[in-house]
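Here's input39.pdb, which has PDB, C-alpha atoms:
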```pdb
MODEL        1
ATOM      1  CA  MET A   2     -48.622 143.071-119.328
ATOM      2  CA  ALA A   3     -46.732 143.152-116.062
ATOM      3  CA  THR A   4     -45.704 146.714-115.567
ATOM      4  CA  ILE A   5     -42.894 146.594-113.110
ATOM      5  CA  GLN A   6     -40.517 144.423-115.013
ATOM      6  CA  SER A   7     -37.407 145.919-113.603
ATOM      7  CA  ILE A   8     -37.509 146.812-109.996
ATOM      8  CA  ALA A   9     -34.448 148.682-108.915
ATOM      9  CA  GLY A  10     -32.439 147.158-106.121
ATOM     10  CA  GLU A  11     -32.299 148.647-102.649
ATOM     11  CA  ASN A  12     -29.381 150.927-103.409
ATOM     12  CA  GLU A  13     -30.244 151.591-106.998
ATOM     13  CA  GLN A  14     -32.418 154.564-107.823
ATOM     14  CA  HIS A  15     -35.591 153.808-109.751
ATOM     15  CA  PRO A  16     -35.706 155.922-112.952
ATOM     16  CA  ASP A  17     -39.051 157.390-111.821
ATOM     17  CA  VAL A  18     -37.365 159.036-108.842
ATOM     18  CA  ALA A  19     -35.229 161.179-111.157
ATOM     19  CA  LEU A  20     -38.307 162.075-113.242
ATOM     20  CA  VAL A  21     -40.250 163.068-110.125
ATOM     21  CA  GLU A  22     -37.331 165.216-109.018
ATOM     22  CA  ARG A  23     -37.285 166.966-112.394
ATOM     23  CA  VAL A  24     -41.035 167.659-112.172
ATOM     24  CA  ARG A  25     -40.538 169.130-108.704
ATOM     25  CA  GLN A  26     -37.981 171.477-110.198
ATOM     26  CA  GLY A  27     -40.572 172.667-112.718
ATOM     27  CA  ASP A  28     -39.895 170.413-115.690
ATOM     28  CA  VAL A  29     -43.387 169.551-116.963
ATOM     29  CA  THR A  30     -42.017 167.381-119.774
ATOM     30  CA  ALA A  31     -40.745 164.962-117.135
ATOM     31  CA  PHE A  32     -44.329 164.579-115.943
ATOM     32  CA  ASP A  33     -45.299 164.013-119.556
ATOM     33  CA  THR A  34     -42.911 161.064-119.581
ATOM     34  CA  LEU A  35     -44.521 159.637-116.442
ATOM     35  CA  VAL A  36     -47.991 160.060-117.960
ATOM     36  CA  ARG A  37     -47.041 158.226-121.133
ATOM     37  CA  LYS A  38     -45.360 155.499-119.137
ATOM     38  CA  TYR A  39     -48.338 154.718-116.926
ATOM     39  CA  GLU A  40     -51.470 155.984-118.713
ATOM     40  CA  ARG A  41     -52.487 152.576-120.015
ATOM     41  CA  GLN A  42     -52.122 150.914-116.619
ATOM     42  CA  VAL A  43     -54.119 153.669-114.892
ATOM     43  CA  PHE A  44     -56.838 153.418-117.527
ATOM     44  CA  ARG A  45     -57.007 149.631-117.182
ATOM     45  CA  ILE A  46     -57.244 149.762-113.395
ATOM     46  CA  ALA A  47     -59.992 152.389-113.614
ATOM     47  CA  GLN A  48     -61.882 150.224-116.118
ATOM     48  CA  HIS A  49     -61.495 147.148-113.930
ATOM     49  CA  ILE A  50     -62.960 148.946-110.926
ATOM     50  CA  THR A  51     -65.618 151.189-112.454
ATOM     51  CA  GLN A  52     -66.599 148.917-115.355
ATOM     52  CA  ASN A  53     -67.557 152.089-117.154
ATOM     53  CA  ARG A  54     -65.604 153.617-120.001
ATOM     54  CA  GLU A  55     -66.621 157.204-119.378
ATOM     55  CA  ASP A  56     -65.696 156.951-115.708
ATOM     56  CA  ALA A  57     -62.380 155.320-116.582
ATOM     57  CA  GLU A  58     -61.518 158.220-118.899
ATOM     58  CA  ASP A  59     -62.328 160.741-116.160
ATOM     59  CA  VAL A  60     -60.432 158.748-113.553
ATOM     60  CA  MET A  61     -57.349 158.648-115.725
ATOM     61  CA  GLN A  62     -57.337 162.408-116.156
ATOM     62  CA  ASP A  63     -58.181 163.165-112.519
ATOM     63  CA  ALA A  64     -55.633 160.700-111.172
ATOM     64  CA  PHE A  65     -52.769 162.235-113.145
ATOM     65  CA  LEU A  66     -53.800 165.777-112.276
ATOM     66  CA  LYS A  67     -54.046 164.863-108.618
ATOM     67  CA  ALA A  68     -50.656 163.165-108.761
ATOM     68  CA  TYR A  69     -49.178 166.328-110.242
ATOM     69  CA  GLU A  70     -50.792 168.536-107.609
ATOM     70  CA  LYS A  71     -49.768 166.316-104.732
ATOM     71  CA  LEU A  72     -46.310 165.448-105.940
ATOM     72  CA  ASP A  73     -44.804 167.155-102.912
ATOM     73  CA  GLN A  74     -46.530 164.576-100.740
ATOM     74  CA  PHE A  75     -44.908 161.708-102.604
ATOM     75  CA  GLN A  76     -42.344 160.062-100.387
ATOM     76  CA  GLY A  77     -39.448 158.498-102.177
ATOM     77  CA  ASN A  78     -39.695 155.422 -99.957
ATOM     78  CA  SER A  79     -42.549 153.990-102.012
ATOM     79  CA  LYS A  80     -42.524 153.552-105.767
ATOM     80  CA  PHE A  81     -44.099 156.334-107.817
ATOM     81  CA  TYR A  82     -46.133 153.743-109.689
ATOM     82  CA  THR A  83     -47.757 152.245-106.569
ATOM     83  CA  TRP A  84     -48.403 155.756-105.245
ATOM     84  CA  LEU A  85     -50.109 156.649-108.535
ATOM     85  CA  VAL A  86     -52.105 153.407-108.480
ATOM     86  CA  ARG A  87     -53.367 154.248-105.001
ATOM     87  CA  ILE A  88     -54.655 157.596-106.286
ATOM     88  CA  ALA A  89     -56.276 155.898-109.292
ATOM     89  CA  VAL A  90     -57.946 153.252-107.088
ATOM     90  CA  ASN A  91     -59.373 155.925-104.776
ATOM     91  CA  GLU A  92     -60.638 158.006-107.683
ATOM     92  CA  SER A  93     -62.198 154.907-109.250
ATOM     93  CA  LEU A  94     -63.987 153.938-106.038
ATOM     94  CA  MET A  95     -65.342 157.465-105.715
ATOM     95  CA  ARG A  96     -66.776 157.252-109.227
ATOM     96  CA  LEU A  97     -68.217 153.834-108.548
ATOM     97  CA  ARG A  98     -69.935 155.083-105.396
ATOM     98  CA  ARG A  99     -71.319 158.085-107.218
ATOM     99  CA  ARG A 100     -72.880 155.848-109.851
ATOM    100  CA  ARG A 101     -74.298 153.506-107.306
ATOM    101  CA  THR A 102     -75.794 156.056-104.944
ATOM    102  CA  GLY A 103     -77.414 154.415-102.010
ATOM    103  CA  ARG A 104     -75.524 151.207-102.569
ATOM    104  CA  MET A 105     -72.546 150.585-100.401
ATOM    105  CA  VAL A 106     -69.464 150.049-102.472
ATOM    106  CA  SER A 107     -66.440 149.043-100.532
ATOM    107  CA  ILE A 108     -63.407 147.010-101.223
ATOM    108  CA  ASP A 109     -62.953 146.551 -97.496
ATOM    109  CA  GLU A 110     -66.000 144.427 -96.929
ATOM    110  CA  ASP A 111     -65.287 140.769 -97.336
ATOM    111  CA  VAL A 112     -67.547 139.028 -99.738
ATOM    112  CA  GLU A 113     -69.297 136.021 -98.357
ATOM    113  CA  THR A 114     -69.272 133.638-101.232
ATOM    114  CA  GLU A 115     -68.370 130.056-101.544
ATOM    115  CA  GLU A 116     -68.269 130.302-105.315
ATOM    116  CA  GLY A 117     -64.966 129.189-106.671
ATOM    117  CA  SER A 118     -63.563 128.188-103.310
ATOM    118  CA  VAL A 119     -63.896 124.563-104.380
ATOM    119  CA  PRO A 120     -63.305 123.850-108.052
ATOM    120  CA  ARG A 121     -66.337 122.176-109.597
ATOM    121  CA  ASP A 122     -65.573 122.177-113.279
ATOM    122  CA  LEU A 123     -62.664 119.792-113.470
ATOM    123  CA  ALA A 124     -62.575 119.254-117.213
ATOM    124  CA  ASP A 125     -59.212 120.011-118.726
ATOM    125  CA  TRP A 126     -58.945 122.872-121.205
ATOM    126  CA  ALA A 127     -58.118 122.567-124.857
ATOM    127  CA  PRO A 128     -54.488 123.316-125.704
ATOM    128  CA  ASP A 129     -54.241 127.060-126.473
ATOM    129  CA  PRO A 130     -58.003 127.430-125.997
ATOM    130  CA  GLU A 131     -57.960 131.128-126.834
ATOM    131  CA  GLN A 132     -57.137 130.258-130.434
ATOM    132  CA  ASN A 133     -60.717 129.051-130.889
ATOM    133  CA  TYR A 134     -61.885 132.650-130.713
ATOM    134  CA  THR A 135     -61.149 135.832-132.586
ATOM    135  CA  GLN A 136     -59.331 138.573-130.657
ATOM    136  CA  SER A 137     -62.536 140.560-130.190
ATOM    137  CA  GLU A 138     -64.541 137.495-129.087
ATOM    138  CA  LEU A 139     -61.821 136.620-126.607
ATOM    139  CA  ALA A 140     -61.643 140.157-125.216
ATOM    140  CA  GLU A 141     -65.430 140.100-124.787
ATOM    141  CA  ILE A 142     -65.277 136.765-122.945
ATOM    142  CA  LEU A 143     -62.530 138.042-120.640
ATOM    143  CA  ARG A 144     -64.386 141.304-119.949
ATOM    144  CA  LYS A 145     -67.718 139.591-119.226
ATOM    145  CA  THR A 146     -66.039 137.036-117.010
ATOM    146  CA  ILE A 147     -64.125 139.473-114.829
ATOM    147  CA  GLN A 148     -67.139 141.805-114.664
ATOM    148  CA  GLY A 149     -69.006 139.100-112.763
ATOM    149  CA  LEU A 150     -66.564 139.143-109.859
ATOM    150  CA  PRO A 151     -67.312 141.254-106.759
ATOM    151  CA  PRO A 152     -65.370 144.579-106.960
ATOM    152  CA  GLY A 153     -63.169 143.613-104.005
ATOM    153  CA  PHE A 154     -61.980 140.475-105.809
ATOM    154  CA  ARG A 155     -61.713 142.158-109.188
ATOM    155  CA  VAL A 156     -59.400 144.885-107.987
ATOM    156  CA  VAL A 157     -57.085 142.459-106.177
ATOM    157  CA  PHE A 158     -56.810 140.255-109.276
ATOM    158  CA  ALA A 159     -56.245 143.289-111.514
ATOM    159  CA  LEU A 160     -53.472 144.733-109.353
ATOM    160  CA  ARG A 161     -51.718 141.461-108.546
ATOM    161  CA  ASP A 162     -52.090 139.416-111.686
ATOM    162  CA  VAL A 163     -52.665 141.913-114.476
ATOM    163  CA  GLU A 164     -50.571 144.865-113.336
ATOM    164  CA  GLY A 165     -47.910 142.842-111.569
ATOM    165  CA  LEU A 166     -47.942 144.459-108.112
ATOM    166  CA  SER A 167     -46.643 142.317-105.261
ATOM    167  CA  THR A 168     -48.963 141.058-102.512
ATOM    168  CA  GLU A 169     -47.476 143.644-100.148
ATOM    169  CA  GLU A 170     -47.922 146.498-102.647
ATOM    170  CA  THR A 171     -51.509 145.417-103.340
ATOM    171  CA  ALA A 172     -52.276 145.298 -99.611
ATOM    172  CA  GLU A 173     -50.736 148.727 -99.079
ATOM    173  CA  THR A 174     -52.508 150.250-102.068
ATOM    174  CA  LEU A 175     -55.923 148.944-101.030
ATOM    175  CA  GLY A 176     -55.508 149.338 -97.295
ATOM    176  CA  LEU A 177     -56.057 145.614 -96.805
ATOM    177  CA  SER A 178     -54.143 143.096 -94.727
ATOM    178  CA  ILE A 179     -51.839 140.654 -96.519
ATOM    179  CA  PRO A 180     -54.002 137.631 -95.529
ATOM    180  CA  ALA A 181     -57.071 139.461 -96.932
ATOM    181  CA  VAL A 182     -55.279 140.073-100.245
ATOM    182  CA  LYS A 183     -54.171 136.441-100.415
ATOM    183  CA  SER A 184     -57.615 135.094 -99.655
ATOM    184  CA  ARG A 185     -59.275 137.322-102.244
ATOM    185  CA  LEU A 186     -56.667 136.558-104.856
ATOM    186  CA  LEU A 187     -57.152 132.802-104.489
ATOM    187  CA  ARG A 188     -60.914 133.101-104.744
ATOM    188  CA  ALA A 189     -60.706 135.538-107.656
ATOM    189  CA  ARG A 190     -58.379 133.240-109.567
ATOM    190  CA  LEU A 191     -60.538 130.183-108.900
ATOM    191  CA  GLN A 192     -63.782 131.945-109.795
ATOM    192  CA  LEU A 193     -62.337 133.244-113.048
ATOM    193  CA  ARG A 194     -60.967 129.792-113.863
ATOM    194  CA  GLU A 195     -64.339 128.211-113.178
ATOM    195  CA  ARG A 196     -66.172 130.698-115.378
ATOM    196  CA  LEU A 197     -63.649 130.515-118.216
ATOM    197  CA  SER A 198     -63.911 126.723-118.243
ATOM    198  CA  ARG A 199     -67.251 127.127-119.923
ATOM    199  CA  TYR A 200     -65.519 128.536-122.990
ATOM    200  CA  PHE A 201     -62.166 126.838-122.891
ATOM    201  CA  LYS A 202     -62.728 123.270-121.845
ATOM    202  CA  ARG A 203     -61.786 120.430-124.114
ATOM    203  CA  LYS A 204     -64.759 118.996-125.906
ATOM    204  CA  SER A 205     -65.148 115.367-124.910
ATOM    205  CA  GLY A 206     -64.533 112.819-127.644
ATOM    206  CA  SER A 207     -63.407 115.310-130.229
ATOM    207  CA  ALA A 208     -59.830 115.974-131.092
ATOM    208  CA  ALA A 209     -60.586 118.649-133.668
ATOM    209  CA  MET A 210     -62.502 121.442-132.083
ATOM    210  CA  GLY A 211     -64.443 124.216-133.655
ATOM    211  CA  PRO A 212     -65.199 127.380-131.754
ATOM    212  CA  ALA A 213     -67.442 126.817-128.762
ATOM    213  CA  PRO A 214     -70.720 128.719-128.702
ATOM    214  CA  MET A 215     -70.118 132.127-127.224
ATOM    215  CA  GLY A 216     -73.251 132.294-125.110
ATOM    216  CA  ILE A 217     -72.647 135.957-124.395
ATOM    217  CA  ASP A 218     -73.977 139.146-125.788
ATOM    218  CA  LYS A 219     -71.878 140.633-128.499
TER     219      LYS A 219
ATOM    220  CA  MET B   3     -51.713 115.730 -98.640
ATOM    221  CA  THR B   4     -55.432 116.175 -99.308
ATOM    222  CA  CYS B   5     -56.941 118.165-102.181
ATOM    223  CA  THR B   6     -58.098 120.843 -99.695
ATOM    224  CA  GLU B   7     -54.559 121.212 -98.387
ATOM    225  CA  PHE B   8     -53.275 121.393-101.948
ATOM    226  CA  LEU B   9     -55.807 124.074-102.806
ATOM    227  CA  SER B  10     -54.844 126.199 -99.828
ATOM    228  CA  LEU B  11     -51.286 126.286-101.177
ATOM    229  CA  LEU B  12     -52.253 126.732-104.832
ATOM    230  CA  ASP B  13     -51.477 130.454-104.921
ATOM    231  CA  ASP B  14     -48.118 129.994-103.217
ATOM    232  CA  LEU B  15     -47.239 127.316-105.759
ATOM    233  CA  ILE B  16     -48.304 129.517-108.691
ATOM    234  CA  ASP B  17     -46.447 132.511-107.255
ATOM    235  CA  ASP B  18     -43.372 130.398-106.601
ATOM    236  CA  ALA B  19     -43.520 131.129-102.887
ATOM    237  CA  VAL B  20     -43.087 127.602-101.536
ATOM    238  CA  THR B  21     -40.088 125.940 -99.951
ATOM    239  CA  THR B  22     -38.305 123.129-101.786
ATOM    240  CA  GLU B  23     -39.730 120.657 -99.310
ATOM    241  CA  MET B  24     -43.271 121.944 -99.753
ATOM    242  CA  ARG B  25     -42.902 121.907-103.524
ATOM    243  CA  ALA B  26     -41.911 118.243-103.384
ATOM    244  CA  ASP B  27     -45.033 117.461-101.315
ATOM    245  CA  LEU B  28     -47.238 119.364-103.740
ATOM    246  CA  GLN B  29     -45.698 117.591-106.721
ATOM    247  CA  GLU B  30     -46.170 114.257-104.995
ATOM    248  CA  HIS B  31     -49.891 115.061-104.612
ATOM    249  CA  LEU B  32     -50.144 116.166-108.241
ATOM    250  CA  ARG B  33     -48.731 112.878-109.496
ATOM    251  CA  GLY B  34     -51.724 111.036-108.089
ATOM    252  CA  CYS B  35     -54.470 113.633-108.496
ATOM    253  CA  GLU B  36     -55.675 114.546-111.935
ATOM    254  CA  HIS B  37     -58.239 117.026-110.566
ATOM    255  CA  CYS B  38     -55.636 119.142-108.812
ATOM    256  CA  GLU B  39     -53.357 118.914-111.848
ATOM    257  CA  VAL B  40     -56.176 120.344-113.995
ATOM    258  CA  THR B  41     -57.003 123.012-111.406
ATOM    259  CA  LEU B  42     -53.355 124.095-111.314
ATOM    260  CA  SER B  43     -52.810 124.176-115.063
ATOM    261  CA  THR B  44     -56.092 125.941-115.866
ATOM    262  CA  THR B  45     -55.625 128.497-113.070
ATOM    263  CA  ARG B  46     -52.150 129.255-114.430
ATOM    264  CA  LYS B  47     -53.658 129.597-117.892
ATOM    265  CA  THR B  48     -56.377 131.937-116.551
ATOM    266  CA  ILE B  49     -53.736 134.291-115.180
ATOM    267  CA  GLN B  50     -51.623 134.076-118.316
ATOM    268  CA  ILE B  51     -54.595 134.860-120.585
ATOM    269  CA  TYR B  52     -55.592 137.922-118.562
ATOM    270  CA  ARG B  53     -51.998 139.088-118.406
ATOM    271  CA  SER B  54     -51.341 138.761-122.113
ATOM    272  CA  HIS B  55     -54.541 140.198-123.584
ATOM    273  CA  GLU B  56     -55.443 143.849-123.518
ATOM    274  CA  ILE B  57     -59.158 143.855-122.739
ATOM    275  CA  TYR B  58     -59.528 147.585-122.107
ATOM    276  CA  GLU B  59     -57.676 149.169-124.997
ATOM    277  CA  MET B  60     -57.445 152.942-124.954
ATOM    278  CA  PRO B  61     -58.303 154.476-128.323
ATOM    279  CA  ALA B  62     -55.400 156.559-129.632
ATOM    280  CA  GLY B  63     -57.614 159.653-129.949
ATOM    281  CA  LEU B  64     -58.569 159.523-126.310
ATOM    282  CA  ARG B  65     -54.965 159.159-125.239
ATOM    283  CA  GLU B  66     -53.973 162.288-127.136
ATOM    284  CA  ARG B  67     -56.975 164.273-125.923
ATOM    285  CA  LEU B  68     -56.351 163.444-122.297
ATOM    286  CA  HIS B  69     -52.672 164.014-122.729
ATOM    287  CA  THR B  70     -53.241 167.506-124.112
ATOM    288  CA  ALA B  71     -55.724 168.332-121.348
ATOM    289  CA  ILE B  72     -53.337 167.213-118.654
ATOM    290  CA  MET B  73     -50.388 169.092-120.091
ATOM    291  CA  THR B  74     -52.429 172.300-120.584
ATOM    292  CA  ARG B  75     -53.660 172.195-117.001
ATOM    293  CA  CYS B  76     -50.195 171.447-115.692
ATOM    294  CA  LYS B  77     -48.570 174.267-117.617
ATOM    295  CA  LYS B  78     -51.103 176.669-116.122
ATOM    296  CA  GLY B  79     -50.050 175.355-112.742
ATOM    297  CA  CYS B  80     -52.136 172.664-111.148
TER     298      CYS B  80
ENDMDL
END
```
Rewrite the structure of this file - the entire thing - as structure tokens.
Amino acid sequence: MATIQSIAGENEQHPDVALVERVRQGDVTAFDTLVRKYERQVFRIAQHITQNREDAEDVMQDAFLKAYEKLDQFQGNSKFYTWLVRIAVNESLMRLRRRRTGRMVSIDEDVETEEGSVPRDLADWAPDPEQNYTQSELAEILRKTIQGLPPGFRVVFALRDVEGLSTEETAETLGLSIPAVKSRLLRARLQLRERLSRYFKRKSGSAAMGPAPMGIDK
Amino acid sequence: MTCTEFLSLLDDLIDDAVTTEMRADLQEHLRGCEHCEVTLSTTRKTIQIYRSHEIYEMPAGLRERLHTAIMTRCKKGC
């Protein structure tokens, strides 16, 4: 699912730059190409942050419209994709704040939690543990698990590990320092691992395993 | 190397951001520590599972609807 598989070299022009240039010259179909290229990623990021389908749909539309309106402000020295992601993250946080009126929602605040900083569940996982679940059961497990993370951890994990941004790009996009991104990423990864262990760990004394009880709402 | 030291370098190891010398130290620790071996392999698996499964699939209808809305607005001049 990594989205930036081919990153153009220093002297090589990224294909998005040419598309952006065409849009600036009035070619709307070039923007259409950019939308189709990145719509799924933008939607996913919005879902990860807002945890609300309706909001994610709105964010996706608003983010692309805003990108189109502000295209003149796009500097060619950053990638179009990371610029777009920054818009989507900001739109998502605005939605999240609107839904949680009165509750501070910030990705800047560090979350004081020891959870996951020291692995507790040290049981090994079954080989290919996801095969014990249907696709929809697995998706539900993964959604429920990541939903439990604080928003500031969730967004770092989503950008770094799901969308394939670099640590530097993630830091720039979120306005965080590189050490802050690294610290959150480690804790996010360890917390997710800990929580997934419940579903994926090898059952002791049994070589043939049936599906583990879901223990989550369907 | 202690388990705490190993853990502090876990991300760098996963992201392949360690020096050859450091990698050798980490591997040396792993040879004698089953707990860290499990932590490493299951953390790698966690990332791989999230990366390879689409958990927020966009319905095709929505994609088209949004696409049309965006293009209509853009043609009118955003």
May I ask which of the residues A:Met61, A:Met95, A:Val21, A:Val163 is the closest one to chain B, counting all atoms listed in the file?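 Looking only at the distances to chain B, the closest residue turns out to be A:Val163.
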For chain B, list the residues within 9 Å of chain A, counting only C-alpha atoms, and write the list as a PyMOL selection string. chain B and resi 6+9-10+12-13+36-38+40-41+43-60+64-65+68-69+71-73+75-77+79-80
C-alpha atoms of the current selection, written as a PDB file, in the frame of the given file:
```
ATOM      1  CA  THR B   6     -58.098 120.843 -99.695  1.00  0.00           C
ATOM      2  CA  LEU B   9     -55.807 124.074-102.806  1.00  0.00           C
ATOM      3  CA  SER B  10     -54.844 126.199 -99.828  1.00  0.00           C
ATOM      4  CA  LEU B  12     -52.253 126.732-104.832  1.00  0.00           C
ATOM      5  CA  ASP B  13     -51.477 130.454-104.921  1.00  0.00           C
ATOM      6  CA  GLU B  36     -55.675 114.546-111.935  1.00  0.00           C
ATOM      7  CA  HIS B  37     -58.239 117.026-110.566  1.00  0.00           C
ATOM      8  CA  CYS B  38     -55.636 119.142-108.812  1.00  0.00           C
ATOM      9  CA  VAL B  40     -56.176 120.344-113.995  1.00  0.00           C
ATOM     10  CA  THR B  41     -57.003 123.012-111.406  1.00  0.00           C
ATOM     11  CA  SER B  43     -52.810 124.176-115.063  1.00  0.00           C
ATOM     12  CA  THR B  44     -56.092 125.941-115.866  1.00  0.00           C
ATOM     13  CA  THR B  45     -55.625 128.497-113.070  1.00  0.00           C
ATOM     14  CA  ARG B  46     -52.150 129.255-114.430  1.00  0.00           C
ATOM     15  CA  LYS B  47     -53.658 129.597-117.892  1.00  0.00           C
ATOM     16  CA  THR B  48     -56.377 131.937-116.551  1.00  0.00           C
ATOM     17  CA  ILE B  49     -53.736 134.291-115.180  1.00  0.00           C
ATOM     18  CA  GLN B  50     -51.623 134.076-118.316  1.00  0.00           C
ATOM     19  CA  ILE B  51     -54.595 134.860-120.585  1.00  0.00           C
ATOM     20  CA  TYR B  52     -55.592 137.922-118.562  1.00  0.00           C
ATOM     21  CA  ARG B  53     -51.998 139.088-118.406  1.00  0.00           C
ATOM     22  CA  SER B  54     -51.341 138.761-122.113  1.00  0.00           C
ATOM     23  CA  HIS B  55     -54.541 140.198-123.584  1.00  0.00           C
ATOM     24  CA  GLU B  56     -55.443 143.849-123.518  1.00  0.00           C
ATOM     25  CA  ILE B  57     -59.158 143.855-122.739  1.00  0.00           C
ATOM     26  CA  TYR B  58     -59.528 147.585-122.107  1.00  0.00           C
ATOM     27  CA  GLU B  59     -57.676 149.169-124.997  1.00  0.00           C
ATOM     28  CA  MET B  60     -57.445 152.942-124.954  1.00  0.00           C
ATOM     29  CA  LEU B  64     -58.569 159.523-126.310  1.00  0.00           C
ATOM     30  CA  ARG B  65     -54.965 159.159-125.239  1.00  0.00           C
ATOM     31  CA  LEU B  68     -56.351 163.444-122.297  1.00  0.00           C
ATOM     32  CA  HIS B  69     -52.672 164.014-122.729  1.00  0.00           C
ATOM     33  CA  ALA B  71     -55.724 168.332-121.348  1.00  0.00           C
ATOM     34  CA  ILE B  72     -53.337 167.213-118.654  1.00  0.00           C
ATOM     35  CA  MET B  73     -50.388 169.092-120.091  1.00  0.00           C
ATOM     36  CA  ARG B  75     -53.660 172.195-117.001  1.00  0.00           C
ATOM     37  CA  CYS B  76     -50.195 171.447-115.692  1.00  0.00           C
ATOM     38  CA  LYS B  77     -48.570 174.267-117.617  1.00  0.00           C
ATOM     39  CA  GLY B  79     -50.050 175.355-112.742  1.00  0.00           C
ATOM     40  CA  CYS B  80     -52.136 172.664-111.148  1.00  0.00           C
TER      41      CYS B  80
END
```
Quote the spacing between CA of Leu150 in chain A and CA of Val182 in chain A in Å to one decimal place.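 Pair CA of Leu150 in chain A / CA of Val182 in chain A returns 14.9 Å.
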Radius query 8 Å about (-47.3, 135.5, -102.8), atoms used: only C-alpha atoms, as a list in words: Ser167, Thr168 and Lys183 of chain A; Asp13, Asp14, Asp17, Asp18 and Ala19 of chain B
Select, from B:Pro61, B:Thr70, B:Arg33, B:Leu28, the residue with the minimum atom-to-atom distance to Phe8 in chain B, counting only C-alpha atoms.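 Checking each candidate against Phe8 in chain B, we get B:Leu28 as the closest.
In this structure, CA of Val18 in chain A sits 26.2 Å away from CA of Val156 in chain A.
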